[in-house]
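Here's final.tsv, which has TSV, N, CA and C atoms and all ligand atoms:
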chain	number	residue	atom	x	y	z
A	1	MET	N	35.59	-1.85	-7.13
A	1	MET	CA	35.21	-2.07	-5.73
A	1	MET	C	33.70	-2.08	-5.60
A	2	ARG	N	33.20	-2.99	-4.81
A	2	ARG	CA	31.77	-3.15	-4.66
A	2	ARG	C	31.39	-2.88	-3.20
A	3	TYR	N	30.37	-2.05	-3.03
A	3	TYR	CA	29.92	-1.73	-1.67
A	3	TYR	C	28.69	-2.55	-1.32
A	4	ILE	N	28.64	-3.03	-0.10
A	4	ILE	CA	27.47	-3.76	0.37
A	4	ILE	C	26.98	-3.10	1.65
A	5	PHE	N	25.71	-2.77	1.67
A	5	PHE	CA	25.12	-2.24	2.91
A	5	PHE	C	24.75	-3.41	3.81
A	6	ILE	N	25.08	-3.25	5.08
A	6	ILE	CA	24.77	-4.30	6.06
A	6	ILE	C	23.29	-4.69	5.99
A	7	ALA	N	22.43	-3.66	5.84
A	7	ALA	CA	20.99	-3.94	5.86
A	7	ALA	C	20.55	-4.79	4.67
A	8	ASP	N	21.38	-4.85	3.61
A	8	ASP	CA	21.03	-5.64	2.44
A	8	ASP	C	21.55	-7.07	2.52
A	9	LEU	N	22.29	-7.38	3.57
A	9	LEU	CA	22.76	-8.75	3.76
A	9	LEU	C	21.60	-9.62	4.23
A	10	THR	N	21.68	-10.89	3.88
A	10	THR	CA	20.61	-11.81	4.23
A	10	THR	C	20.89	-12.49	5.56
A	11	ASN	N	19.85	-12.54	6.39
A	11	ASN	CA	19.93	-13.30	7.63
A	11	ASN	C	19.79	-14.77	7.27
A	12	PRO	N	20.84	-15.58	7.47
A	12	PRO	CA	20.79	-16.98	7.03
A	12	PRO	C	19.68	-17.77	7.72
A	13	ALA	N	19.26	-17.30	8.87
A	13	ALA	CA	18.22	-18.03	9.62
A	13	ALA	C	16.85	-17.87	8.97
A	14	THR	N	16.63	-16.74	8.29
A	14	THR	CA	15.29	-16.48	7.76
A	14	THR	C	15.25	-16.35	6.24
A	15	GLY	N	16.41	-16.11	5.62
A	15	GLY	CA	16.43	-15.90	4.17
A	15	GLY	C	16.01	-14.51	3.76
A	16	LYS	N	15.73	-13.63	4.74
A	16	LYS	CA	15.35	-12.25	4.43
A	16	LYS	C	16.51	-11.32	4.75
A	17	THR	N	16.53	-10.15	4.08
A	17	THR	CA	17.55	-9.16	4.43
A	17	THR	C	17.18	-8.53	5.77
A	18	TRP	N	18.18	-7.92	6.41
A	18	TRP	CA	17.91	-7.24	7.68
A	18	TRP	C	16.91	-6.12	7.47
A	19	ARG	N	17.02	-5.45	6.30
A	19	ARG	CA	16.09	-4.36	6.00
A	19	ARG	C	14.65	-4.88	5.93
A	20	GLU	N	14.47	-6.05	5.29
A	20	GLU	CA	13.13	-6.63	5.19
A	20	GLU	C	12.61	-7.03	6.57
A	21	GLU	N	13.50	-7.57	7.38
A	21	GLU	CA	13.07	-7.96	8.73
A	21	GLU	C	12.69	-6.75	9.57
A	22	ASN	N	13.49	-5.67	9.47
A	22	ASN	CA	13.17	-4.45	10.22
A	22	ASN	C	11.87	-3.83	9.75
A	23	ALA	N	11.64	-3.86	8.43
A	23	ALA	CA	10.43	-3.25	7.87
A	23	ALA	C	9.18	-3.98	8.37
A	24	ALA	N	9.33	-5.27	8.68
A	24	ALA	CA	8.18	-6.05	9.15
A	24	ALA	C	7.88	-5.77	10.63
A	25	ARG	N	8.85	-5.19	11.32
A	25	ARG	CA	8.63	-4.87	12.75
A	25	ARG	C	7.75	-3.64	12.87
A	26	THR	N	6.83	-3.64	13.84
A	26	THR	CA	6.01	-2.46	14.08
A	26	THR	C	6.51	-1.77	15.34
A	27	HIS	N	6.07	-0.53	15.54
A	27	HIS	CA	6.43	0.22	16.74
A	27	HIS	C	5.68	-0.36	17.93
A	28	ALA	N	6.40	-0.86	18.92
A	28	ALA	CA	5.76	-1.50	20.07
A	28	ALA	C	5.20	-0.47	21.05
A	29	ILE	N	5.74	0.73	21.04
A	29	ILE	CA	5.31	1.76	21.99
A	29	ILE	C	4.42	2.77	21.26
A	30	PRO	N	3.19	2.98	21.74
A	30	PRO	CA	2.26	3.84	21.00
A	30	PRO	C	2.56	5.33	21.15
A	31	LEU	N	2.03	6.11	20.23
A	31	LEU	CA	2.09	7.57	20.33
A	31	LEU	C	1.40	8.00	21.61
A	32	GLY	N	1.94	9.02	22.27
A	32	GLY	CA	1.33	9.53	23.49
A	32	GLY	C	1.81	8.85	24.75
A	33	ALA	N	2.53	7.73	24.60
A	33	ALA	CA	3.02	7.02	25.79
A	33	ALA	C	4.15	7.81	26.45
A	34	LEU	N	4.25	7.66	27.76
A	34	LEU	CA	5.37	8.25	28.50
A	34	LEU	C	6.48	7.21	28.58
A	35	VAL	N	7.69	7.59	28.18
A	35	VAL	CA	8.83	6.66	28.21
A	35	VAL	C	9.98	7.28	28.98
A	36	GLU	N	10.88	6.41	29.44
A	36	GLU	CA	12.08	6.89	30.11
A	36	GLU	C	13.29	6.52	29.26
A	37	ILE	N	14.18	7.51	29.06
A	37	ILE	CA	15.43	7.26	28.33
A	37	ILE	C	16.39	6.61	29.31
A	38	PHE	N	16.80	5.37	29.03
A	38	PHE	CA	17.61	4.60	29.99
A	38	PHE	C	18.90	5.33	30.37
A	39	ARG	N	19.56	5.93	29.37
A	39	ARG	CA	20.89	6.51	29.59
A	39	ARG	C	20.86	7.67	30.57
A	40	THR	N	19.75	8.46	30.53
A	40	THR	CA	19.70	9.69	31.34
A	40	THR	C	18.62	9.67	32.42
A	41	GLY	N	17.63	8.80	32.28
A	41	GLY	CA	16.53	8.80	33.23
A	41	GLY	C	15.47	9.84	32.95
A	42	VAL	N	15.64	10.59	31.85
A	42	VAL	CA	14.65	11.62	31.48
A	42	VAL	C	13.40	10.94	30.93
A	43	ARG	N	12.23	11.48	31.34
A	43	ARG	CA	10.97	10.94	30.84
A	43	ARG	C	10.32	11.91	29.87
A	44	LEU	N	9.92	11.39	28.70
A	44	LEU	CA	9.32	12.21	27.64
A	44	LEU	C	8.18	11.42	27.00
A	45	PHE	N	7.40	12.13	26.17
A	45	PHE	CA	6.28	11.50	25.48
A	45	PHE	C	6.68	11.08	24.06
A	46	VAL	N	6.12	9.95	23.60
A	46	VAL	CA	6.33	9.53	22.22
A	46	VAL	C	5.47	10.43	21.34
A	47	ALA	N	6.14	11.23	20.50
A	47	ALA	CA	5.43	12.21	19.68
A	47	ALA	C	5.37	11.81	18.21
A	48	ARG	N	6.26	10.92	17.77
A	48	ARG	CA	6.25	10.52	16.36
A	48	ARG	C	6.92	9.16	16.20
A	49	HIS	N	6.36	8.36	15.31
A	49	HIS	CA	6.97	7.08	14.92
A	49	HIS	C	7.75	7.30	13.63
A	50	THR	N	9.03	6.96	13.62
A	50	THR	CA	9.83	7.10	12.41
A	50	THR	C	10.59	5.79	12.18
A	51	ARG	N	11.42	5.77	11.13
A	51	ARG	CA	12.27	4.60	10.87
A	51	ARG	C	13.66	5.04	10.43
A	52	ASP	N	14.63	4.22	10.78
A	52	ASP	CA	16.01	4.43	10.36
A	52	ASP	C	16.13	4.09	8.87
A	53	CYS	N	17.30	4.37	8.28
A	53	CYS	CA	17.50	4.06	6.86
A	53	CYS	C	17.45	2.55	6.61
A	54	ASP	N	17.70	1.74	7.65
A	54	ASP	CA	17.58	0.28	7.48
A	54	ASP	C	16.21	-0.22	7.97
A	55	GLU	N	15.24	0.72	8.13
A	55	GLU	CA	13.85	0.41	8.48
A	55	GLU	C	13.63	0.05	9.95
A	56	THR	N	14.67	0.18	10.78
A	56	THR	CA	14.49	-0.07	12.21
A	56	THR	C	13.50	0.95	12.77
A	57	PRO	N	12.47	0.50	13.54
A	57	PRO	CA	11.53	1.45	14.14
A	57	PRO	C	12.25	2.39	15.12
A	58	LEU	N	12.01	3.69	14.97
A	58	LEU	CA	12.59	4.70	15.85
A	58	LEU	C	11.48	5.58	16.42
A	59	TYR	N	11.84	6.33	17.46
A	59	TYR	CA	10.87	7.18	18.15
A	59	TYR	C	11.40	8.59	18.27
A	60	SER	N	10.51	9.57	18.06
A	60	SER	CA	10.81	10.96	18.34
A	60	SER	C	10.05	11.32	19.61
A	61	LEU	N	10.77	11.92	20.56
A	61	LEU	CA	10.22	12.17	21.89
A	61	LEU	C	10.07	13.67	22.14
A	62	SER	N	9.08	14.02	22.96
A	62	SER	CA	8.81	15.42	23.25
A	62	SER	C	8.45	15.59	24.71
A	63	ALA	N	8.68	16.79	25.23
A	63	ALA	CA	8.27	17.11	26.60
A	63	ALA	C	6.75	17.31	26.68
A	64	TYR	N	6.10	17.42	25.51
A	64	TYR	CA	4.65	17.65	25.47
A	64	TYR	C	3.94	16.47	24.82
A	65	PRO	N	2.77	16.12	25.34
A	65	PRO	CA	2.04	15.01	24.72
A	65	PRO	C	1.42	15.44	23.40
A	66	PRO	N	1.31	14.50	22.45
A	66	PRO	CA	0.69	14.85	21.17
A	66	PRO	C	-0.82	14.85	21.27
A	67	SER	N	-1.40	15.97	21.67
A	67	SER	CA	-2.85	16.03	21.77
A	67	SER	C	-3.37	17.26	21.05
A	68	ASP	N	-4.65	17.23	20.79
A	68	ASP	CA	-5.30	18.29	20.04
A	68	ASP	C	-5.10	19.63	20.72
A	69	GLY	N	-4.83	20.67	19.95
A	69	GLY	CA	-4.68	22.00	20.49
A	69	GLY	C	-3.35	22.21	21.19
A	70	ASN	N	-2.45	21.27	21.06
A	70	ASN	CA	-1.15	21.36	21.71
A	70	ASN	C	-0.09	21.09	20.66
A	71	GLN	N	0.43	22.14	20.05
A	71	GLN	CA	1.37	21.98	18.95
A	71	GLN	C	2.83	21.99	19.42
A	72	GLU	N	3.06	22.29	20.70
A	72	GLU	CA	4.45	22.39	21.18
A	72	GLU	C	5.22	21.10	20.95
A	73	TYR	N	4.52	19.97	21.00
A	73	TYR	CA	5.23	18.70	20.92
A	73	TYR	C	6.02	18.56	19.63
A	74	SER	N	5.52	19.20	18.55
A	74	SER	CA	6.22	19.03	17.27
A	74	SER	C	7.35	20.03	17.09
A	75	VAL	N	7.44	21.02	17.97
A	75	VAL	CA	8.46	22.06	17.84
A	75	VAL	C	9.81	21.57	18.36
A	76	ALA	N	9.80	20.95	19.52
A	76	ALA	CA	11.05	20.51	20.14
A	76	ALA	C	11.01	19.01	20.38
A	77	MET	N	11.35	18.24	19.33
A	77	MET	CA	11.37	16.80	19.47
A	77	MET	C	12.80	16.30	19.50
A	78	TYR	N	12.98	15.21	20.21
A	78	TYR	CA	14.28	14.54	20.26
A	78	TYR	C	14.15	13.27	19.44
A	79	HIS	N	14.90	13.19	18.35
A	79	HIS	CA	14.68	12.14	17.36
A	79	HIS	C	15.66	10.96	17.53
A	80	GLY	N	15.26	9.84	16.97
A	80	GLY	CA	16.18	8.75	16.75
A	80	GLY	C	16.38	7.78	17.90
A	81	TYR	N	15.39	7.66	18.78
A	81	TYR	CA	15.51	6.68	19.87
A	81	TYR	C	15.00	5.33	19.42
A	82	ALA	N	15.81	4.29	19.62
A	82	ALA	CA	15.39	2.94	19.29
A	82	ALA	C	14.74	2.31	20.52
A	83	GLU	N	14.08	1.16	20.30
A	83	GLU	CA	13.35	0.53	21.41
A	83	GLU	C	14.27	0.11	22.56
A	84	GLN	N	15.53	-0.20	22.25
A	84	GLN	CA	16.42	-0.60	23.34
A	84	GLN	C	16.92	0.60	24.15
A	85	ASP	N	16.66	1.83	23.65
A	85	ASP	CA	17.11	3.05	24.34
A	85	ASP	C	16.10	3.55	25.37
A	86	ILE	N	14.84	3.12	25.23
A	86	ILE	CA	13.76	3.70	26.04
A	86	ILE	C	12.90	2.61	26.66
A	87	GLY	N	12.31	2.93	27.81
A	87	GLY	CA	11.43	2.00	28.49
A	87	GLY	C	10.06	2.63	28.68
A	88	LEU	N	9.03	1.81	28.53
A	88	LEU	CA	7.66	2.29	28.68
A	88	LEU	C	7.36	2.57	30.14
A	89	VAL	N	6.85	3.76	30.44
A	89	VAL	CA	6.44	4.12	31.80
A	89	VAL	C	4.91	4.05	31.90
A	90	LEU	N	4.23	4.76	31.00
A	90	LEU	CA	2.77	4.75	30.95
A	90	LEU	C	2.33	4.65	29.50
A	91	ARG	N	1.51	3.64	29.20
A	91	ARG	CA	1.10	3.41	27.81
A	91	ARG	C	0.22	4.53	27.27
A	92	GLU	N	-0.71	4.98	28.09
A	92	GLU	CA	-1.61	6.05	27.65
A	92	GLU	C	-1.55	7.20	28.64
A	93	ALA	N	-0.38	7.85	28.72
A	93	ALA	CA	-0.21	8.94	29.66
A	93	ALA	C	-1.15	10.09	29.33
A	94	HIS	N	-1.21	10.46	28.08
A	94	HIS	CA	-2.07	11.54	27.62
A	94	HIS	C	-2.71	11.11	26.31
A	95	PRO	N	-3.85	10.44	26.37
A	95	PRO	CA	-4.48	10.01	25.13
A	95	PRO	C	-4.75	11.23	24.24
A	96	ALA	N	-4.39	11.12	22.99
A	96	ALA	CA	-4.62	12.22	22.05
A	96	ALA	C	-6.12	12.38	21.80
A	97	THR	N	-6.56	13.60	21.64
A	97	THR	CA	-7.93	13.86	21.24
A	97	THR	C	-7.92	14.60	19.92
A	98	GLU	N	-8.92	14.32	19.11
A	98	GLU	CA	-9.00	14.93	17.79
A	98	GLU	C	-10.46	15.08	17.40
A	99	TRP	N	-10.76	16.14	16.69
A	99	TRP	CA	-12.09	16.37	16.15
A	99	TRP	C	-12.19	15.60	14.85
A	100	ARG	N	-12.97	14.52	14.84
A	100	ARG	CA	-13.02	13.63	13.67
A	100	ARG	C	-14.46	13.31	13.31
A	101	TYR	N	-14.64	12.87	12.06
A	101	TYR	CA	-15.95	12.43	11.60
A	101	TYR	C	-16.22	11.03	12.15
A	102	CYS	N	-17.40	10.85	12.76
A	102	CYS	CA	-17.80	9.54	13.28
A	102	CYS	C	-18.74	8.88	12.28
A	103	PHE	N	-18.34	7.68	11.81
A	103	PHE	CA	-19.15	6.98	10.81
A	103	PHE	C	-20.42	6.42	11.43
A	104	ASN	N	-20.43	6.24	12.74
A	104	ASN	CA	-21.62	5.74	13.43
A	104	ASN	C	-22.64	6.86	13.63
A	105	CYS	N	-22.19	7.99	14.16
A	105	CYS	CA	-23.08	9.15	14.36
A	105	CYS	C	-23.38	9.86	13.04
A	106	GLN	N	-22.50	9.68	12.05
A	106	GLN	CA	-22.55	10.43	10.79
A	106	GLN	C	-22.51	11.93	11.07
A	107	ALA	N	-21.62	12.30	11.99
A	107	ALA	CA	-21.38	13.71	12.34
A	107	ALA	C	-19.99	13.76	12.98
A	108	SER	N	-19.45	14.97	13.10
A	108	SER	CA	-18.12	15.12	13.68
A	108	SER	C	-18.21	15.33	15.19
A	109	HIS	N	-17.38	14.59	15.91
A	109	HIS	CA	-17.33	14.70	17.37
A	109	HIS	C	-15.87	14.59	17.83
A	110	THR	N	-15.61	14.97	19.07
A	110	THR	CA	-14.29	14.78	19.66
A	110	THR	C	-14.04	13.28	19.83
A	111	HIS	N	-12.86	12.83	19.38
A	111	HIS	CA	-12.48	11.42	19.52
A	111	HIS	C	-11.22	11.34	20.38
A	112	LYS	N	-11.14	10.31	21.19
A	112	LYS	CA	-9.93	10.03	21.98
A	112	LYS	C	-9.23	8.84	21.37
A	113	ARG	N	-7.91	8.93	21.25
A	113	ARG	CA	-7.15	7.81	20.72
A	113	ARG	C	-6.80	6.84	21.82
A	114	GLY	N	-7.19	5.60	21.66
A	114	GLY	CA	-6.86	4.56	22.62
A	114	GLY	C	-6.06	3.46	21.96
A	115	ALA	N	-5.86	2.37	22.67
A	115	ALA	CA	-5.05	1.27	22.14
A	115	ALA	C	-5.69	0.66	20.90
A	116	ARG	N	-7.05	0.66	20.82
A	116	ARG	CA	-7.73	0.00	19.70
A	116	ARG	C	-8.14	0.95	18.59
A	117	GLY	N	-7.98	2.28	18.81
A	117	GLY	CA	-8.34	3.21	17.76
A	117	GLY	C	-8.94	4.49	18.29
A	118	TRP	N	-9.65	5.19	17.41
A	118	TRP	CA	-10.25	6.47	17.78
A	118	TRP	C	-11.66	6.23	18.29
A	119	LYS	N	-11.92	6.64	19.56
A	119	LYS	CA	-13.22	6.41	20.18
A	119	LYS	C	-14.03	7.70	20.16
A	120	CYS	N	-15.24	7.61	19.62
A	120	CYS	CA	-16.13	8.77	19.53
A	120	CYS	C	-16.60	9.17	20.93
A	121	GLY	N	-16.46	10.46	21.24
A	121	GLY	CA	-16.88	10.97	22.53
A	121	GLY	C	-18.39	11.05	22.68
A	122	ASN	N	-19.11	10.94	21.57
A	122	ASN	CA	-20.57	11.02	21.59
A	122	ASN	C	-21.22	9.65	21.74
A	123	CYS	N	-20.79	8.69	20.92
A	123	CYS	CA	-21.48	7.39	20.91
A	123	CYS	C	-20.59	6.25	21.40
A	124	GLY	N	-19.27	6.46	21.48
A	124	GLY	CA	-18.39	5.40	21.96
A	124	GLY	C	-17.90	4.46	20.89
A	125	PHE	N	-18.37	4.63	19.64
A	125	PHE	CA	-17.90	3.80	18.53
A	125	PHE	C	-16.39	4.01	18.34
A	126	THR	N	-15.65	2.91	18.15
A	126	THR	CA	-14.20	3.01	17.98
A	126	THR	C	-13.81	2.68	16.55
A	127	GLU	N	-13.15	3.66	15.93
A	127	GLU	CA	-12.67	3.49	14.56
A	127	GLU	C	-11.20	3.06	14.66
A	128	PRO	N	-10.80	1.94	14.03
A	128	PRO	CA	-9.41	1.49	14.12
A	128	PRO	C	-8.44	2.59	13.69
A	129	ALA	N	-7.38	2.78	14.48
A	129	ALA	CA	-6.41	3.85	14.20
A	129	ALA	C	-5.34	3.34	13.25
A	130	ASP	N	-4.70	4.29	12.56
A	130	ASP	CA	-3.53	3.95	11.77
A	130	ASP	C	-2.45	3.54	12.75
A	131	THR	N	-1.73	2.48	12.44
A	131	THR	CA	-0.71	2.02	13.37
A	131	THR	C	0.59	2.80	13.23
A	132	GLU	N	0.81	3.38	12.06
A	132	GLU	CA	2.06	4.09	11.84
A	132	GLU	C	1.74	5.53	11.45
A	133	GLU	N	2.53	6.45	11.94
A	133	GLU	CA	2.38	7.84	11.51
A	133	GLU	C	3.72	8.35	11.05
A	134	GLY	N	3.67	9.38	10.22
A	134	GLY	CA	4.90	10.01	9.76
A	134	GLY	C	5.64	9.17	8.74
A	135	GLN	N	4.94	8.30	8.03
A	135	GLN	CA	5.60	7.48	7.02
A	135	GLN	C	5.64	8.22	5.69
B	1	ZN	ZN	-20.16	8.68	17.25
Written form, structure tokens:
Amino acid sequence: MRYIFIADLTNPATGKTWREENAARTHAIPLGALVEIFRTGVRLFVARHTRDCDETPLYSLSAYPPSDGNQEYSVAMYHGYAEQDIGLVLREAHPATEWRYCFNCQASHTHKRGARGWKCGNCGFTEPADTEEGQ
């Protein structure tokens, strides 16, 4: 008997497996965004980007925003929400802040995470952010 995983089947339209197609998808909703769970109407923050075993982008949600000095968000997360399960309410509800090295200032300053990356609180230089976390 031979087992075949659905994710390893080829999409005839593209010639790629479903797993390959899912792996090419990025998380459309950024970390720190406020989302609403369609089924319940509960609103939570995107605290982590993860992936299913077939590489489908998934989201871990928390009652706390992922920001510097606030570790509660990682303690009580609700895992495994797909993009069709949640709706974006606010893209940057609580922008994350982090103490990072600024290549422009050549010193460490508080940085805020925005849509384009980490912005230095001292000079305003924006360092491109990693698009995926928790990989
Ligand atoms: Zn700077």
Find the residues of stretch 31-119 of chain A that sit at most 7 Å from stretch 5-21 of chain A; for each, write down the nearest two atoms and how far apart they are in Å, to one decimal. Count all atoms listed in the file. Sort by chain, then by number going up, and give it as a Markdown table.
| residue | atom | partner | partner_atom | distance |
| --- | --- | --- | --- | --- |
| A:Asp54 | C | A:Arg19 | CA | 4.6 |
| A:Glu55 | N | A:Arg19 | CA | 5.6 |
| A:Thr56 | N | A:Arg19 | CA | 6.7 |
Within 9 Å of ligand ZN 1 (chain B): each chain A residue with its shortest pair, only C-alpha atoms and all ligand atoms, as a Markdown table:
| residue | atom | partner | partner_atom | distance |
| --- | --- | --- | --- | --- |
| A:Tyr101 | CA | B:ZN1 | ZN | 8.0 |
| A:Cys102 | CA | B:ZN1 | ZN | 4.7 |
| A:Phe103 | CA | B:ZN1 | ZN | 6.7 |
| A:Asn104 | CA | B:ZN1 | ZN | 5.0 |
| A:Cys105 | CA | B:ZN1 | ZN | 4.1 |
| A:Gln106 | CA | B:ZN1 | ZN | 7.1 |
| A:Ala107 | CA | B:ZN1 | ZN | 7.1 |
| A:Ser108 | CA | B:ZN1 | ZN | 7.6 |
| A:His109 | CA | B:ZN1 | ZN | 6.7 |
| A:Thr110 | CA | B:ZN1 | ZN | 8.8 |
| A:His111 | CA | B:ZN1 | ZN | 8.5 |
| A:Lys119 | CA | B:ZN1 | ZN | 7.9 |
| A:Cys120 | CA | B:ZN1 | ZN | 4.6 |
| A:Gly121 | CA | B:ZN1 | ZN | 6.6 |
| A:Asn122 | CA | B:ZN1 | ZN | 4.9 |
| A:Cys123 | CA | B:ZN1 | ZN | 4.1 |
| A:Gly124 | CA | B:ZN1 | ZN | 6.0 |
| A:Phe125 | CA | B:ZN1 | ZN | 5.5 |
| A:Thr126 | CA | B:ZN1 | ZN | 8.3 |
Distance query A:Glu92 at most 8 Å, only N, CA and C atoms, self and fewer than 6 positions along chain excluded, as a PyMOL selection string | chain A and resi 30-34+113-115
For A:Ala63, which residue among A:Val35, A:Thr26, A:Leu90, A:Thr50 is the nearest when counting only C-alpha atoms?
-> A:Val35
Spatial neighbours of stretch 75-85 of chain A, 12 Å, only C-alpha atoms, chain gap at least 2 places, as JSON, numbers by chain | {"A": [22, 25, 26, 27, 28, 29, 30, 35, 36, 37, 38, 39, 40, 41, 42, 43, 44, 45, 46, 47, 48, 49, 50, 51, 52, 53, 55, 56, 57, 58, 59, 60, 61, 62, 63, 64, 65, 66, 70, 71, 72, 73, 87, 88]}
Mind listing the helix (DSSP H, G or I) residues of stretch 4-127 of chain A, per DSSP on the backbone, as a PyMOL selection string?
-> chain A and resi 6-8+18-24+72-75
Computed gap from atom CA of A:Glu127 to atom CA of A:Arg100 is 10.2 Å
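The spacing separating atom N of A:Pro128 from atom C of A:Arg91 amounts to 17.4 Å.
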Just list the residues in chain A DSSP gives strand (DSSP E or B) on the backbone, as a PyMOL selection string.
-> chain A and resi 10+17+34-37+43-51+57-62+77-82+86-90+97-102+107-113+118-120+126-127
By how many Å are atom N of A:Arg2 and atom CA of A:Ala23 apart?
-> 26.1 Å
